[in-house]
Each structure stands twice: as structure tokens, then as C-alpha cells.
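my_file.cif follows; it contains mmCIF, C-alpha atoms and all ligand atoms.
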```
data_structure
#
loop_
_atom_site.label_atom_id
_atom_site.label_comp_id
_atom_site.auth_asym_id
_atom_site.auth_seq_id
_atom_site.Cartn_x
_atom_site.Cartn_y
_atom_site.Cartn_z
CA MET I 1 10.04 26.42 1.41
CA TYR I 2 8.18 23.49 -0.15
CA HIS I 3 11.03 22.93 -2.56
CA ALA I 4 13.56 22.87 0.27
CA LYS I 5 11.35 20.47 2.18
CA SER I 6 11.10 18.15 -0.80
CA LYS I 7 14.89 18.02 -0.98
CA GLY I 8 15.02 16.55 2.51
CA LYS I 9 14.59 19.75 4.58
CA ASN I 10 17.36 21.61 6.36
CA CYS I 11 18.79 23.15 3.19
CA LEU I 12 18.80 26.39 1.24
CA THR I 13 16.93 26.72 -2.03
CA PHE I 14 17.16 29.63 -4.45
CA TYR I 15 13.99 30.96 -5.93
CA GLU I 16 13.22 30.13 -9.55
CA LYS I 17 10.17 31.21 -11.48
CA ASP I 18 9.18 27.63 -12.20
CA MET I 19 8.66 27.03 -8.48
CA ASP I 20 5.62 29.32 -8.45
CA LEU I 21 4.03 27.05 -10.99
CA GLN I 22 4.82 23.97 -8.94
CA THR I 23 3.48 25.59 -5.79
CA LYS I 24 0.30 26.65 -7.60
CA LYS I 25 -0.12 23.12 -8.91
CA PHE I 26 0.37 21.73 -5.42
CA PHE I 27 -2.27 24.03 -3.92
CA SER I 28 -4.69 23.49 -6.75
CA ILE I 29 -4.46 19.68 -6.53
CA SER I 30 -4.70 19.63 -2.74
CA GLU I 31 -7.68 22.00 -2.83
CA ASN I 32 -9.43 19.82 -5.43
CA MET I 33 -8.76 16.75 -3.33
CA ARG I 34 -10.14 18.45 -0.24
CA GLN I 35 -13.36 19.22 -2.10
CA ASP I 36 -13.69 15.66 -3.37
CA LEU I 37 -13.04 14.03 0.00
CA TYR I 38 -15.96 11.76 0.99
CA THR I 39 -17.46 11.95 -2.51
CA ASP I 40 -17.54 9.24 -5.14
CA LYS I 41 -14.67 10.97 -6.96
CA PHE I 42 -12.53 8.78 -4.75
CA SER I 43 -12.87 5.04 -5.07
CA LEU I 44 -10.96 1.88 -4.38
CA HIS I 45 -9.63 -0.63 -6.83
CA TYR I 46 -8.70 -4.09 -5.69
CA GLN I 47 -5.79 -6.25 -6.78
CA PRO I 48 -5.85 -9.95 -5.90
CA GLN I 49 -2.92 -11.87 -4.46
CA PHE I 50 -2.47 -15.57 -5.14
CA ASP I 51 -0.65 -18.40 -3.42
CA ALA I 52 2.41 -19.16 -5.56
CA LEU I 53 2.00 -22.93 -5.31
CA THR I 54 -1.77 -23.48 -5.39
CA LYS I 55 -2.79 -20.29 -7.26
CA GLU I 56 -5.53 -19.88 -4.67
CA LEU I 57 -6.75 -16.37 -3.81
CA VAL I 58 -5.06 -15.44 -0.50
CA GLY I 59 -5.49 -11.67 -0.24
CA ILE I 60 -6.59 -8.45 -1.87
CA GLU I 61 -4.85 -5.06 -1.85
CA ALA I 62 -7.02 -1.94 -1.84
CA LEU I 63 -5.62 0.84 -4.05
CA LEU I 64 -6.97 4.36 -4.03
CA ARG I 65 -8.24 6.00 -7.23
CA TRP I 66 -9.16 9.63 -7.83
CA GLU I 67 -11.02 11.17 -10.72
CA ASP I 68 -10.73 14.95 -10.73
CA LYS I 69 -13.51 17.36 -11.69
CA ASP I 70 -12.53 17.19 -15.38
CA GLY I 71 -12.93 13.43 -15.37
CA ASN I 72 -9.19 12.69 -15.47
CA ASN I 73 -7.86 9.76 -13.49
CA ILE I 74 -4.98 11.18 -11.50
CA PRO I 75 -2.39 8.50 -10.63
CA PRO I 76 -1.72 7.85 -6.93
CA SER I 77 1.97 8.56 -7.57
CA VAL I 78 0.87 12.18 -8.20
CA PHE I 79 -1.84 12.74 -5.62
CA ILE I 80 -0.64 10.61 -2.66
CA PRO I 81 2.56 12.66 -2.08
CA ILE I 82 0.47 15.85 -2.21
CA ALA I 83 -2.07 14.35 0.19
CA GLU I 84 0.80 13.50 2.50
CA GLU I 85 2.41 16.90 2.29
CA SER I 86 -0.89 18.68 2.94
CA ASP I 87 -1.93 16.28 5.74
CA LEU I 88 -5.07 15.36 3.79
CA ILE I 89 -3.80 11.79 3.89
CA VAL I 90 -4.91 11.55 7.52
CA ASP I 91 -8.62 11.84 6.65
CA LEU I 92 -8.27 10.22 3.26
CA GLY I 93 -6.44 7.26 4.78
CA ILE I 94 -9.17 6.68 7.34
CA TRP I 95 -11.73 6.82 4.53
CA VAL I 96 -9.75 4.13 2.67
CA LEU I 97 -9.48 1.98 5.79
CA ARG I 98 -13.20 2.25 6.43
CA LYS I 99 -14.19 1.57 2.84
CA ALA I 100 -11.86 -1.44 2.47
CA THR I 101 -12.90 -2.94 5.80
CA PHE I 102 -16.63 -2.62 5.11
CA GLN I 103 -16.07 -3.98 1.59
CA ASN I 104 -14.37 -7.06 2.97
CA VAL I 105 -17.27 -7.66 5.37
CA GLU I 106 -19.74 -7.30 2.49
CA TRP I 107 -17.82 -9.89 0.46
CA GLN I 108 -17.73 -12.26 3.40
CA HIS I 109 -21.49 -11.87 3.88
CA LYS I 110 -21.99 -12.70 0.22
CA GLY I 111 -20.19 -15.97 0.84
CA TYR I 112 -17.02 -15.19 -1.10
CA PRO I 113 -13.75 -16.77 0.13
CA LYS I 114 -12.58 -15.11 3.33
CA VAL I 115 -9.22 -13.42 2.72
CA PRO I 116 -7.45 -10.47 4.34
CA ILE I 117 -7.71 -7.08 2.72
CA SER I 118 -4.49 -5.03 2.63
CA VAL I 119 -4.61 -1.29 3.15
CA ASN I 120 -1.70 1.09 2.49
CA VAL I 121 -0.91 3.34 5.42
CA SER I 122 1.33 6.42 5.24
CA VAL I 123 3.81 7.38 7.93
CA LYS I 124 1.86 10.62 8.48
CA GLN I 125 -1.22 8.60 9.41
CA ILE I 126 0.64 6.45 11.87
CA ASN I 127 2.03 9.49 13.63
CA ASN I 128 -1.48 10.81 14.09
CA GLN I 129 -2.64 10.09 17.64
CA ASP I 130 -6.16 9.23 16.55
CA PHE I 131 -5.16 6.50 14.13
CA ILE I 132 -5.44 3.55 16.52
CA VAL I 133 -8.68 4.91 18.02
CA LYS I 134 -10.25 5.22 14.56
CA LEU I 135 -8.93 1.82 13.55
CA LYS I 136 -10.59 0.20 16.57
CA GLU I 137 -13.83 2.05 15.83
CA ILE I 138 -13.83 0.80 12.24
CA LEU I 139 -13.20 -2.79 13.30
CA TYR I 140 -15.96 -2.58 15.88
CA GLU I 141 -18.51 -0.95 13.56
CA SER I 142 -17.81 -3.24 10.63
CA GLY I 143 -17.51 -6.41 12.68
CA LEU I 144 -14.51 -7.55 10.57
CA GLU I 145 -12.35 -10.10 12.35
CA PRO I 146 -8.94 -8.41 12.70
CA LYS I 147 -7.15 -11.32 11.03
CA TYR I 148 -8.85 -10.26 7.79
CA LEU I 149 -7.13 -6.88 7.83
CA ASN I 150 -3.52 -6.25 6.87
CA LEU I 151 -1.74 -2.92 7.03
CA GLU I 152 1.03 -2.14 4.53
CA ILE I 153 3.67 0.29 5.73
CA THR I 154 6.92 1.32 4.06
CA GLU I 155 10.41 1.10 5.45
CA THR I 156 10.65 4.86 6.06
CA PHE I 157 8.28 4.22 8.93
CA MET I 158 11.11 2.56 10.85
CA TYR I 159 13.31 5.63 11.03
CA GLU I 160 11.94 6.31 14.46
CA LYS I 161 12.46 2.94 15.94
CA GLU I 162 10.72 3.39 19.27
CA ASN I 163 7.54 4.83 17.74
CA ALA I 164 7.55 2.10 15.15
CA MET I 165 7.90 -0.63 17.77
CA ASN I 166 5.05 0.78 19.85
CA PHE I 167 2.82 1.10 16.82
CA ILE I 168 3.54 -2.41 15.56
CA ASN I 169 2.94 -3.92 18.98
CA GLU I 170 -0.41 -2.14 19.29
CA ILE I 171 -1.49 -3.33 15.85
CA LYS I 172 -0.38 -6.88 16.55
CA ASN I 173 -2.23 -6.86 19.88
CA LEU I 174 -5.39 -6.05 17.98
CA GLY I 175 -4.80 -9.16 15.86
CA ILE I 176 -4.11 -7.23 12.65
CA SER I 177 -1.18 -8.27 10.47
CA ILE I 178 1.53 -5.98 9.11
CA ALA I 179 3.42 -6.00 5.83
CA ILE I 180 6.52 -4.05 4.91
CA ASP I 181 5.79 -2.52 1.53
CA ASP I 182 8.29 -1.75 -1.26
CA PHE I 183 10.96 -3.76 0.54
CA GLY I 184 14.45 -3.04 -0.70
CA THR I 185 13.84 0.47 -2.00
CA GLY I 186 14.17 2.43 1.21
CA TYR I 187 16.03 2.17 4.43
CA SER I 188 16.21 -1.60 4.67
CA SER I 189 17.78 -2.45 7.97
CA LEU I 190 18.16 -6.14 8.66
CA GLN I 191 18.26 -5.40 12.38
CA TYR I 192 14.77 -3.90 12.15
CA LEU I 193 13.52 -7.00 10.44
CA ILE I 194 14.86 -9.05 13.33
CA ASP I 195 13.49 -6.73 16.02
CA MET I 196 10.03 -6.04 14.62
CA PRO I 197 7.43 -8.74 14.36
CA MET I 198 6.43 -8.26 10.73
CA ASP I 199 4.14 -10.80 9.11
CA VAL I 200 4.76 -10.11 5.46
CA LEU I 201 7.55 -8.68 3.37
CA LYS I 202 6.47 -7.23 0.03
CA ILE I 203 9.32 -7.34 -2.45
CA ASP I 204 9.27 -4.22 -4.57
CA ARG I 205 8.61 -4.48 -8.28
CA ALA I 206 12.14 -3.17 -8.95
CA PHE I 207 13.52 -6.51 -7.68
CA VAL I 208 11.11 -8.60 -9.73
CA LYS I 209 11.59 -6.71 -12.97
CA GLU I 210 14.04 -8.45 -15.33
CA ILE I 211 14.75 -11.45 -13.07
CA GLU I 212 14.10 -13.57 -16.14
CA SER I 213 16.97 -11.95 -18.06
CA ASN I 214 19.33 -10.36 -15.56
CA PRO I 215 21.35 -12.73 -13.30
CA THR I 216 22.26 -9.91 -10.89
CA LYS I 217 18.56 -9.13 -10.32
CA MET I 218 17.85 -12.83 -9.88
CA GLY I 219 20.69 -13.11 -7.36
CA LEU I 220 19.36 -10.18 -5.33
CA LEU I 221 15.88 -11.62 -5.36
CA LYS I 222 17.16 -14.96 -4.09
CA GLY I 223 19.00 -13.11 -1.31
CA ILE I 224 15.83 -11.28 -0.23
CA LEU I 225 13.78 -14.48 -0.29
CA SER I 226 16.39 -16.28 1.76
CA ILE I 227 16.48 -13.49 4.39
CA ALA I 228 12.69 -13.64 4.71
CA GLN I 229 12.72 -17.44 4.95
CA THR I 230 15.39 -17.33 7.67
CA LEU I 231 13.30 -14.84 9.65
CA ASN I 232 10.13 -16.80 9.01
CA ILE I 233 8.40 -13.88 7.29
CA LYS I 234 5.98 -14.53 4.43
CA THR I 235 6.91 -13.01 1.07
CA VAL I 236 4.73 -11.29 -1.52
CA ALA I 237 6.28 -10.43 -4.89
CA GLU I 238 4.85 -7.25 -6.43
CA GLY I 239 4.63 -6.36 -10.08
CA VAL I 240 4.80 -9.90 -11.47
CA GLU I 241 4.00 -9.48 -15.14
CA LEU I 242 5.43 -12.56 -16.88
CA GLU I 243 4.98 -16.30 -16.60
CA LYS I 244 8.76 -16.73 -16.42
CA GLN I 245 8.90 -14.36 -13.44
CA TYR I 246 6.13 -16.29 -11.74
CA ASP I 247 7.97 -19.60 -12.34
CA LEU I 248 11.25 -18.27 -10.93
CA LEU I 249 9.55 -16.80 -7.89
CA LYS I 250 7.70 -20.04 -7.19
CA GLU I 251 10.86 -22.16 -7.64
CA ASN I 252 12.74 -19.95 -5.19
CA GLY I 253 10.13 -20.16 -2.47
CA CYS I 254 8.24 -16.88 -2.77
CA ASN I 255 4.87 -17.43 -1.07
CA ILE I 256 2.47 -14.99 -2.70
CA ILE I 257 2.23 -13.41 -6.15
CA GLN I 258 0.66 -10.06 -7.02
CA GLY I 259 0.84 -8.46 -10.44
CA TYR I 260 -0.57 -8.01 -13.91
CA TYR I 261 0.35 -11.62 -14.78
CA PHE I 262 -2.64 -12.70 -12.70
CA SER I 263 -4.69 -9.52 -12.55
CA LYS I 264 -4.51 -5.74 -12.69
CA PRO I 265 -6.23 -3.79 -9.90
CA LYS I 266 -9.96 -3.87 -10.64
CA SER I 267 -13.11 -2.08 -9.58
CA LYS I 268 -15.40 -3.75 -7.05
CA ASP I 269 -17.78 -5.01 -9.74
CA GLU I 270 -15.00 -6.32 -11.96
CA ILE I 271 -13.31 -8.18 -9.16
CA GLU I 272 -16.60 -9.72 -8.08
CA SER I 273 -17.28 -11.12 -11.53
CA LEU I 274 -13.71 -12.05 -12.44
CA ILE I 275 -12.23 -13.35 -9.23
CA PHE I 276 -15.03 -14.39 -6.95
CA SER I 277 -17.28 -15.98 -9.53
CA LYS I 278 -14.60 -18.57 -10.46
P1 LIG I 301 2.06 0.12 -3.93
O1 LIG I 301 1.48 0.04 -2.56
O2 LIG I 301 3.43 -0.43 -4.12
O3 LIG I 301 1.01 -0.55 -4.89
C1 LIG I 301 1.34 -1.33 -5.99
C2 LIG I 301 1.32 -0.51 -7.25
O4 LIG I 301 1.83 -1.29 -8.33
C3 LIG I 301 -0.09 -0.11 -7.67
O5 LIG I 301 0.03 1.15 -8.32
C4 LIG I 301 -0.46 -1.19 -8.68
O6 LIG I 301 -1.44 -0.77 -9.59
C5 LIG I 301 0.87 -1.40 -9.36
N1 LIG I 301 1.01 -2.73 -9.93
C6 LIG I 301 0.49 -3.88 -9.48
N2 LIG I 301 0.86 -4.92 -10.24
C7 LIG I 301 1.66 -4.42 -11.21
C8 LIG I 301 2.38 -5.00 -12.32
O7 LIG I 301 2.36 -6.21 -12.56
N3 LIG I 301 3.10 -4.15 -13.09
C9 LIG I 301 3.15 -2.81 -12.86
N4 LIG I 301 3.87 -2.06 -13.68
N5 LIG I 301 2.50 -2.23 -11.83
C10 LIG I 301 1.77 -3.03 -11.01
P2 LIG I 301 -0.97 2.34 -8.01
O8 LIG I 301 -2.34 1.81 -7.79
O9 LIG I 301 -0.75 3.36 -9.07
O10 LIG I 301 -0.46 2.88 -6.62
C11 LIG I 301 0.80 3.48 -6.51
C12 LIG I 301 1.15 3.72 -5.07
O11 LIG I 301 0.29 4.67 -4.47
C13 LIG I 301 1.02 2.47 -4.20
O12 LIG I 301 2.13 1.65 -4.41
C14 LIG I 301 0.96 3.09 -2.83
O13 LIG I 301 2.25 3.43 -2.38
C15 LIG I 301 0.20 4.37 -3.10
N6 LIG I 301 -1.20 4.17 -2.71
C16 LIG I 301 -2.24 3.65 -3.41
N7 LIG I 301 -3.36 3.64 -2.67
C17 LIG I 301 -3.04 4.15 -1.45
C18 LIG I 301 -3.76 4.40 -0.22
O14 LIG I 301 -4.94 4.10 -0.07
N8 LIG I 301 -3.04 4.98 0.80
C19 LIG I 301 -1.72 5.28 0.70
N9 LIG I 301 -1.11 5.81 1.74
N10 LIG I 301 -1.02 5.05 -0.42
C20 LIG I 301 -1.65 4.48 -1.49
CA CA I 302 1.11 -1.49 -1.15
CA CA I 303 4.58 -1.80 -3.03
#
```

Represent the structure of the file as C-alpha cells.
Ligand code: C2E
Ligand code: CA
Ligand code: CA
Amino acid sequence: MYHAKSKGKNCLTFYEKDMDLQTKKFFSISENMRQDLYTDKFSLHYQPQFDALTKELVGIEALLRWEDKDGNNIPPSVFIPIAEESDLIVDLGIWVLRKATFQNVEWQHKGYPKVPISVNVSVKQINNQDFIVKLKEILYESGLEPKYLNLEITETFMYEKENAMNFINEIKNLGISIAIDDFGTGYSSLQYLIDMPMDVLKIDRAFVKEIESNPTKMGLLKGILSIAQTLNIKTVAEGVELEKQYDLLKENGCNIIQGYYFSKPKSKDEIESLIFSK
């Protein structure tokens, strides 16, 4: 059943022995995650975002980290899909939102530059009725001004247009900004970009990779930047690793740069000493 679901549902799948192993792995990882929820086995790393022109710090993305009981760092690309499939993402996502929000308030109280913190939100979380209620609670309890919170959602979220519209309007009414994550890799509908009041478009790493050597990639990137500029949406380039990539992005009007070229995601302590102490 899980295999059929992973192939996009509504299909037949024949049993193979290997599937038992996969299913066991799925249950073992989700059970381990459940046990570690609300413990310090989960933590956040923070990756700074810089203005392309001034190189000023303009935002920070919170990225979830998990160390399992054997001390291994499990990559989010492994545990997030399992958290989504097992619905654990609903509680885990609220934990991330709370932690990131309170962290931003702490930084502001310490006198560090005030910048929005970006939190990744899964479609499963958005479809959960309680999400907006919890979000309001967190804002109220932390005292964070909503303009210092940004939610990153992927394009798949827009499949159900009416739900998506309602959600985005509610978020915008609270004064929180919204970014489309991994733009270009999913169901990119230009009509949705026109209809939905997005603040930020995050260009996926796939479109940044090789722009310095591959004219087709560079052409596509220019096209995406020009669409965003026409619609008056700010652009963040993800996965910028090289100076040449940074130069090309800046020259072509990309607003914000995120990637190893400036900084990898870092722990709270590292980011405090490396970014804020400058
Ligand atoms: P994402 O939201 O697209 O996050 C950016 C990913 O790219 C991060 O991977 C980051 O470490 C990596 N990255 C940043 N700059 C560079 C670069 O210059 N080069 C390369 N090669 N990689 C770069 P990470 O931390 O492994 O996260 C992977 C994905 O897991 C995220 O992709 C996001 O979709 C998901 N994720 C992470 N934290 C959360 C969370 O709290 N909630 C949800 N729902 N998803 C999360
Ligand atoms: Ca993201
Ligand atoms: Ca992304």
C-alpha cells in the first residue's frame, strides 16, 4: 500500500520481498522520530540570506536537523518525507515554528539586526485545521512582530487552488510573508503566480547550478528572474556556491542570495559568532 501511495496513489503494485524491508525501515524511522519529538535530538540550523547588491544580512532560513539514537545525523531529505507520510510533520512542524520564532525574538532582544526568519511548511501542516490557531498562539506568546516571520511553501501546495488562496490570504492578513520554495521544480503555474499574492520566489538550486557554464541554464534563470520582476515578486536564489554564480545573479537582478558561497547552515552558536558579531 505504501509503495502504491509513493507512486502517486491510485495504482496497483505487486509485492516484492524488498518492500518489507522498506516498510520496516519506514516504521522504524518514524517510531524513532516520535520518541525524539520535543527532545534535543531535534535542533535547528540557520542559513543566512544576503542582499545581492549590498551583501547585507536580510533573512535567515531555519532548517531542521535530527540526530538519531546512535548519534547519526539523518538528512532532512530522508526523515522529512517519512514525517510527512506518518503525519508526524504536523507536530514537528509546529515545534520548528515555535523554536524559530522564539529564537528570532531572542536575537532581537540581544540587539542583533532585525531580519525575518523563514520556516519551511509542508502541505500536510497547512491542511491541518489547527495550523493557523497554533501560529497565532506562537506569535502572541513570543511577541514576534509578524513581519519578521516568513513561511516557505512549495508549489505542490497550489494544487488545490481554493484552499491555497484561503490559506495565503489568512497568512497575509496576519502580516506574515510567504515564499514559494523550490520554484521551477514542481507544478509551476504562471496563472497561480498572478493570482496569489506571494512575496518571495525562491529559485531552486537546480536552476542556479551550472549557470556559469551552461547557456541554457543561464537563459532559463534569466526567464525566471524576468517573470518575478514583471510580477513584482522578490527573488531569492538558493544553492549559490560560486562567486561567478553570485556575479551573474546580481547582474541579472536577483535580489537575495542564499548558499554555501556566503555560508552553510549553521548552529545557533556558530551563526551568532560568525554572522551577528561582524
Ligand atoms: P530547502 O527548503 O530547499 O532548503 C535548502 C536546502 O539546500 C538545505 O538542505 C540546505 O542545507 C541546502 N543548501 C543551502 N545552500 C546550499 C548550497 O550552496 N549548495 C548545496 N548543495 N546545498 C545548499 P537541508 O537542510 O538538507 O534540507 C533539505 C530540505 O528538507 C529542505 O529543502 C526542506 O525542503 C526540508 N526541510 C528542512 N527543514 C524543514 C522543516 O523544518 N520543515 C519542513 N517541512 N521541511 C524542512
Ligand atoms: Ca526552504
Ligand atoms: Ca528550496

query: At what distance in Å, to one decimal, does CA of Leu201 (chain I) lie from CA of Pro48 (chain I)?
result: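 Those two atoms sit 16.3 Å apart.
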
- prompt: Out of I:Ser43, I:Thr13, I:Asn163, I:Gln258, which residue has the shortest atom-to-atom distance to ligand CA 303 (chain I) when counting only C-alpha atoms and all ligand atoms?
  reply: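 When distances to ligand CA 303 (chain I) are compared using only C-alpha atoms and all ligand atoms, the smallest one comes from I:Gln258.
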
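A straight line drawn from atom N4 of ligand LIG 301 (chain I) to CA of Phe50 (chain I) is 17.2 Å long.
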
task: Please provide the set of residues having any atom within 12 Å of Ile29 (chain I), restricted to all atoms listed in the file, with same-chain residues fewer than 4 positions apart removed, written as a VMD selection string.
output: chain I and resid 22 to 25 33 to 36 66 to 69 74 78 to 83 85 to 86 88

Could you save those same residues with C-alpha atoms as a PDB file, keeping the file's coordinate frame?
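again_3.pdb written:
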```
ATOM      1  CA  GLN I  22       4.820  23.970  -8.940  1.00  0.00           C
ATOM      2  CA  THR I  23       3.480  25.590  -5.790  1.00  0.00           C
ATOM      3  CA  LYS I  24       0.300  26.650  -7.600  1.00  0.00           C
ATOM      4  CA  LYS I  25      -0.120  23.120  -8.910  1.00  0.00           C
ATOM      5  CA  MET I  33      -8.760  16.750  -3.330  1.00  0.00           C
ATOM      6  CA  ARG I  34     -10.140  18.450  -0.240  1.00  0.00           C
ATOM      7  CA  GLN I  35     -13.360  19.220  -2.100  1.00  0.00           C
ATOM      8  CA  ASP I  36     -13.690  15.660  -3.370  1.00  0.00           C
ATOM      9  CA  TRP I  66      -9.160   9.630  -7.830  1.00  0.00           C
ATOM     10  CA  GLU I  67     -11.020  11.170 -10.720  1.00  0.00           C
ATOM     11  CA  ASP I  68     -10.730  14.950 -10.730  1.00  0.00           C
ATOM     12  CA  LYS I  69     -13.510  17.360 -11.690  1.00  0.00           C
ATOM     13  CA  ILE I  74      -4.980  11.180 -11.500  1.00  0.00           C
ATOM     14  CA  VAL I  78       0.870  12.180  -8.200  1.00  0.00           C
ATOM     15  CA  PHE I  79      -1.840  12.740  -5.620  1.00  0.00           C
ATOM     16  CA  ILE I  80      -0.640  10.610  -2.660  1.00  0.00           C
ATOM     17  CA  PRO I  81       2.560  12.660  -2.080  1.00  0.00           C
ATOM     18  CA  ILE I  82       0.470  15.850  -2.210  1.00  0.00           C
ATOM     19  CA  ALA I  83      -2.070  14.350   0.190  1.00  0.00           C
ATOM     20  CA  GLU I  85       2.410  16.900   2.290  1.00  0.00           C
ATOM     21  CA  SER I  86      -0.890  18.680   2.940  1.00  0.00           C
ATOM     22  CA  LEU I  88      -5.070  15.360   3.790  1.00  0.00           C
TER      23      LEU I  88
END
```

- prompt: Nearest to ligand LIG 301 (chain I): which of I:Asn255, I:Asn214, I:Ser77, I:Asn128 is it, counting all atoms listed in the file?
  reply: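 Nearest to ligand LIG 301 (chain I): I:Ser77.
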
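Those protein and nucleic acid residues that have any atom within 8 Å of ligand CA 303 (chain I) are, using all atoms listed in the file, Asp181, Asp182, Phe183, Lys202, Ile203, Asp204, Arg205 and Glu238 of chain I.
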
How would the residues just chosen look if you wrote them out with C-alpha atoms as a compact mmCIF listing (two decimals), in the frame of the given file?
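What landed in again.txt:
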```txt
# COMPACT_ATOMS: atom_id res chain seq x y z
CA ASP I 181 5.79 -2.52 1.53
CA ASP I 182 8.29 -1.75 -1.26
CA PHE I 183 10.96 -3.76 0.54
CA LYS I 202 6.47 -7.23 0.03
CA ILE I 203 9.32 -7.34 -2.45
CA ASP I 204 9.27 -4.22 -4.57
CA ARG I 205 8.61 -4.48 -8.28
CA GLU I 238 4.85 -7.25 -6.43
```

Counting all atoms listed in the file, the residue of I:Glu141, I:Ala164, I:Asn32, I:Tyr261 that sits nearest Asp247 (chain I): I:Tyr261
